[in-house]
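Here the structure comes first, spelled out in structure tokens, and everything after it is commentary.
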Amino acid sequence: MNDDSLLIRKARLDEAAQLSDLAMRSKAHWGYSQEFMEACRDELQVSPANITSDRYFCFVAERAQSLLGYYILKVICASQYELEALFLEPSAIGQGIGKALLEHAKALTRQEGAQAIMIDSDPNAEAFYLSAGAKKVGSSPSGSIPGRVIPLLEIAL
């Protein structure tokens, strides 16, 4: 493998803080206010459990040993998983890395025997998920902003 190849691998426990910071940069890319970003900080933190618990799958995308993005899947039940996070470095947006991460998550979820991935999507990411095969199935309350409603999407596997 050459240095320009994209590698998707399991996240390491020592990367939790780095992934949390990446999530904040990625979310801020959409032009949200500082107050909004601060309200989201806790929800965007990657915890040790996100990386080590058997209820979660956390994978990173890297190129030339540089982290470019990650995703976290949470096991809801045997047939359904939730995509809790999929974030990219702002400079990596539009390069196919998000699609590669999502395809990896879909393949992993299928391998685990699940039938669907649920996504509480940021409104700015909704078109990305729809283009990757998701369907809008409703809406969900924001985990960070009282009164805010976000798209609820499903990817049938």
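Residues in the structure tokens are named by chain (A, B, ... in the order shown) and by number from 1 within that chain; ligands are numbered from 1 in the order shown.
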Picked from chain A by DSSP as alpha helix (DSSP H), as a PyMOL selection string: chain A and resi 16-28+34-40+48-52+97-111+126-131
Save the residues we just selected, C-alpha atoms, as a PDB file, in the first residue's frame?
ATOM      1  CA  ALA A  16     -10.609   9.599  21.527  1.00  0.00           C
ATOM      2  CA  ALA A  17      -9.655  13.235  22.202  1.00  0.00           C
ATOM      3  CA  GLN A  18      -8.334  13.687  18.656  1.00  0.00           C
ATOM      4  CA  LEU A  19     -11.611  12.324  17.233  1.00  0.00           C
ATOM      5  CA  SER A  20     -13.650  14.596  19.509  1.00  0.00           C
ATOM      6  CA  ASP A  21     -11.707  17.616  18.231  1.00  0.00           C
ATOM      7  CA  LEU A  22     -12.184  16.443  14.638  1.00  0.00           C
ATOM      8  CA  ALA A  23     -15.960  16.237  15.220  1.00  0.00           C
ATOM      9  CA  MET A  24     -16.033  19.828  16.463  1.00  0.00           C
ATOM     10  CA  ARG A  25     -14.075  21.079  13.423  1.00  0.00           C
ATOM     11  CA  SER A  26     -16.306  19.090  11.090  1.00  0.00           C
ATOM     12  CA  LYS A  27     -19.554  20.370  12.634  1.00  0.00           C
ATOM     13  CA  ALA A  28     -18.221  23.953  12.631  1.00  0.00           C
ATOM     14  CA  GLN A  34     -19.986  29.548  18.659  1.00  0.00           C
ATOM     15  CA  GLU A  35     -22.952  29.225  21.048  1.00  0.00           C
ATOM     16  CA  PHE A  36     -24.419  26.395  18.965  1.00  0.00           C
ATOM     17  CA  MET A  37     -21.056  24.623  18.839  1.00  0.00           C
ATOM     18  CA  GLU A  38     -20.614  24.889  22.605  1.00  0.00           C
ATOM     19  CA  ALA A  39     -24.104  23.425  23.106  1.00  0.00           C
ATOM     20  CA  CYS A  40     -23.051  20.445  20.925  1.00  0.00           C
ATOM     21  CA  PRO A  48     -13.580   5.470  25.687  1.00  0.00           C
ATOM     22  CA  ALA A  49     -16.738   3.307  25.548  1.00  0.00           C
ATOM     23  CA  ASN A  50     -17.324   4.414  21.931  1.00  0.00           C
ATOM     24  CA  ILE A  51     -14.022   2.740  21.096  1.00  0.00           C
ATOM     25  CA  THR A  52     -13.841  -0.235  23.475  1.00  0.00           C
ATOM     26  CA  ILE A  97     -13.867   9.700   2.216  1.00  0.00           C
ATOM     27  CA  GLY A  98     -17.306  10.087   3.777  1.00  0.00           C
ATOM     28  CA  LYS A  99     -18.736   7.703   1.197  1.00  0.00           C
ATOM     29  CA  ALA A 100     -15.935   5.203   1.871  1.00  0.00           C
ATOM     30  CA  LEU A 101     -16.606   5.371   5.615  1.00  0.00           C
ATOM     31  CA  LEU A 102     -20.357   4.961   5.133  1.00  0.00           C
ATOM     32  CA  GLU A 103     -19.869   2.009   2.765  1.00  0.00           C
ATOM     33  CA  HIS A 104     -17.565   0.433   5.354  1.00  0.00           C
ATOM     34  CA  ALA A 105     -20.219   0.951   8.053  1.00  0.00           C
ATOM     35  CA  LYS A 106     -22.902  -0.582   5.818  1.00  0.00           C
ATOM     36  CA  ALA A 107     -20.747  -3.623   5.034  1.00  0.00           C
ATOM     37  CA  LEU A 108     -19.898  -4.120   8.713  1.00  0.00           C
ATOM     38  CA  THR A 109     -23.540  -3.820   9.739  1.00  0.00           C
ATOM     39  CA  ARG A 110     -24.594  -6.352   7.083  1.00  0.00           C
ATOM     40  CA  GLN A 111     -21.828  -8.702   8.247  1.00  0.00           C
ATOM     41  CA  GLU A 126     -29.035  14.877   4.911  1.00  0.00           C
ATOM     42  CA  ALA A 127     -28.406  15.101   1.142  1.00  0.00           C
ATOM     43  CA  PHE A 128     -25.195  13.079   1.552  1.00  0.00           C
ATOM     44  CA  TYR A 129     -27.029  10.257   3.323  1.00  0.00           C
ATOM     45  CA  LEU A 130     -29.957  10.331   0.887  1.00  0.00           C
ATOM     46  CA  SER A 131     -27.531  10.038  -2.026  1.00  0.00           C
TER      47      SER A 131
END
Selected residue, from A:Pro90, A:Gly138, A:Gln80, A:Ala85, that lies nearest to Leu157 (chain A) when counting only C-alpha atoms: A:Gln80
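Contact shell of region 148-155 of chain A at 8 Å (only C-alpha atoms; same-chain neighbours under 4 positions omitted): A:Ala116, A:Ile117, A:Met118, A:Ile119, A:Asp120, A:Ser121, A:Asp122, A:Pro123, A:Glu126, A:Tyr129, A:Gly133, A:Ala134, A:Lys135, A:Lys136, A:Val137, A:Gly138, A:Ser139, A:Ser140, A:Pro141, A:Ser142.
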Residue subset to file, keeping N, CA and C atoms, as a PDB file, in the first residue's frame:
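Here's the written file selection.pdb:
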ATOM      1  N   ALA A 116     -30.895  -2.738   9.228  1.00  0.00           N
ATOM      2  CA  ALA A 116     -31.050  -1.300   9.015  1.00  0.00           C
ATOM      3  C   ALA A 116     -30.059  -0.508   9.864  1.00  0.00           C
ATOM      4  N   ILE A 117     -29.711   0.656   9.341  1.00  0.00           N
ATOM      5  CA  ILE A 117     -28.931   1.647  10.075  1.00  0.00           C
ATOM      6  C   ILE A 117     -29.802   2.890  10.206  1.00  0.00           C
ATOM      7  N   MET A 118     -29.993   3.345  11.433  1.00  0.00           N
ATOM      8  CA  MET A 118     -30.746   4.571  11.699  1.00  0.00           C
ATOM      9  C   MET A 118     -29.755   5.721  11.850  1.00  0.00           C
ATOM     10  N   ILE A 119     -30.160   6.906  11.379  1.00  0.00           N
ATOM     11  CA  ILE A 119     -29.285   8.080  11.423  1.00  0.00           C
ATOM     12  C   ILE A 119     -30.093   9.295  11.844  1.00  0.00           C
ATOM     13  N   ASP A 120     -29.694   9.919  12.962  1.00  0.00           N
ATOM     14  CA  ASP A 120     -30.188  11.252  13.305  1.00  0.00           C
ATOM     15  C   ASP A 120     -29.228  12.215  12.621  1.00  0.00           C
ATOM     16  N   SER A 121     -29.646  12.752  11.484  1.00  0.00           N
ATOM     17  CA  SER A 121     -28.736  13.492  10.616  1.00  0.00           C
ATOM     18  C   SER A 121     -28.714  14.985  10.908  1.00  0.00           C
ATOM     19  N   ASP A 122     -27.536  15.561  10.823  1.00  0.00           N
ATOM     20  CA  ASP A 122     -27.450  17.016  10.756  1.00  0.00           C
ATOM     21  C   ASP A 122     -28.156  17.410   9.456  1.00  0.00           C
ATOM     22  N   PRO A 123     -28.963  18.466   9.480  1.00  0.00           N
ATOM     23  CA  PRO A 123     -29.647  18.868   8.241  1.00  0.00           C
ATOM     24  C   PRO A 123     -28.694  19.100   7.064  1.00  0.00           C
ATOM     25  N   GLU A 126     -27.918  15.690   5.379  1.00  0.00           N
ATOM     26  CA  GLU A 126     -29.035  14.877   4.911  1.00  0.00           C
ATOM     27  C   GLU A 126     -28.889  14.480   3.439  1.00  0.00           C
ATOM     28  N   TYR A 129     -26.476  11.567   2.949  1.00  0.00           N
ATOM     29  CA  TYR A 129     -27.029  10.257   3.323  1.00  0.00           C
ATOM     30  C   TYR A 129     -28.096   9.790   2.331  1.00  0.00           C
ATOM     31  N   GLY A 133     -28.308   6.183  -0.269  1.00  0.00           N
ATOM     32  CA  GLY A 133     -29.326   5.159  -0.126  1.00  0.00           C
ATOM     33  C   GLY A 133     -30.233   5.274   1.075  1.00  0.00           C
ATOM     34  N   ALA A 134     -30.045   6.288   1.893  1.00  0.00           N
ATOM     35  CA  ALA A 134     -30.922   6.468   3.052  1.00  0.00           C
ATOM     36  C   ALA A 134     -32.286   7.003   2.607  1.00  0.00           C
ATOM     37  N   LYS A 135     -33.277   6.743   3.419  1.00  0.00           N
ATOM     38  CA  LYS A 135     -34.628   7.289   3.226  1.00  0.00           C
ATOM     39  C   LYS A 135     -35.012   8.055   4.479  1.00  0.00           C
ATOM     40  N   LYS A 136     -35.692   9.171   4.288  1.00  0.00           N
ATOM     41  CA  LYS A 136     -36.176   9.926   5.441  1.00  0.00           C
ATOM     42  C   LYS A 136     -37.403   9.203   5.993  1.00  0.00           C
ATOM     43  N   VAL A 137     -37.366   8.906   7.296  1.00  0.00           N
ATOM     44  CA  VAL A 137     -38.470   8.180   7.923  1.00  0.00           C
ATOM     45  C   VAL A 137     -39.138   8.980   9.038  1.00  0.00           C
ATOM     46  N   GLY A 138     -38.657  10.197   9.279  1.00  0.00           N
ATOM     47  CA  GLY A 138     -39.257  11.019  10.324  1.00  0.00           C
ATOM     48  C   GLY A 138     -38.301  12.098  10.771  1.00  0.00           C
ATOM     49  N   SER A 139     -38.450  12.493  12.007  1.00  0.00           N
ATOM     50  CA  SER A 139     -37.570  13.497  12.601  1.00  0.00           C
ATOM     51  C   SER A 139     -37.328  13.127  14.059  1.00  0.00           C
ATOM     52  N   SER A 140     -36.274  13.690  14.614  1.00  0.00           N
ATOM     53  CA  SER A 140     -35.880  13.422  15.997  1.00  0.00           C
ATOM     54  C   SER A 140     -35.544  14.732  16.679  1.00  0.00           C
ATOM     55  N   PRO A 141     -35.735  14.783  17.995  1.00  0.00           N
ATOM     56  CA  PRO A 141     -35.268  15.968  18.712  1.00  0.00           C
ATOM     57  C   PRO A 141     -33.740  15.967  18.774  1.00  0.00           C
ATOM     58  N   SER A 142     -33.155  17.119  18.659  1.00  0.00           N
ATOM     59  CA  SER A 142     -31.708  17.264  18.780  1.00  0.00           C
ATOM     60  C   SER A 142     -31.276  16.838  20.178  1.00  0.00           C
TER      61      SER A 142
END
Ser79 (chain A) surroundings by only C-alpha atoms, 8 Å radius, close-in-sequence under 4 positions cut, as a count of residues only: 4
Nearest candidate to Lys10 (chain A) (options A:Tyr32, A:Phe87, A:Tyr71, A:Phe59; using only C-alpha atoms):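 Smallest distance to Lys10 (chain A) is found for A:Phe59.
When CA of Glu84 (chain A) is paired with CA of Ala132 (chain A), their separation reads 16.4 Å.
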Given only C-alpha atoms as the counted atoms, nearest of A:Ser144, A:Leu88, A:Leu13, A:Tyr81 to Ala156 (chain A):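 Going through A:Ser144, A:Leu88, A:Leu13, A:Tyr81 one by one, the smallest distance to Ala156 (chain A) is for A:Tyr81.
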CA of Ser33 (chain A) to CA of Pro146 (chain A), distance in Å rounded to a single decimal: 15.5 Å
Straight-line distance linking CA of Gly94 (chain A) with CA of Leu6 (chain A), stated in Å to one decimal: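 These two atoms are separated by 14.2 Å.
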All strand (DSSP E or B) residues (DSSP, backbone) inside chain A, as a PyMOL selection string: chain A and resi 7-10+56-63+66-77+80-88+116-120+135-141+149-156
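In this comparison, which uses only C-alpha atoms, the residue of A:Val75, A:Ser5, A:Gly69, A:Glu89 approaching Asp54 (chain A) most closely is A:Val75.
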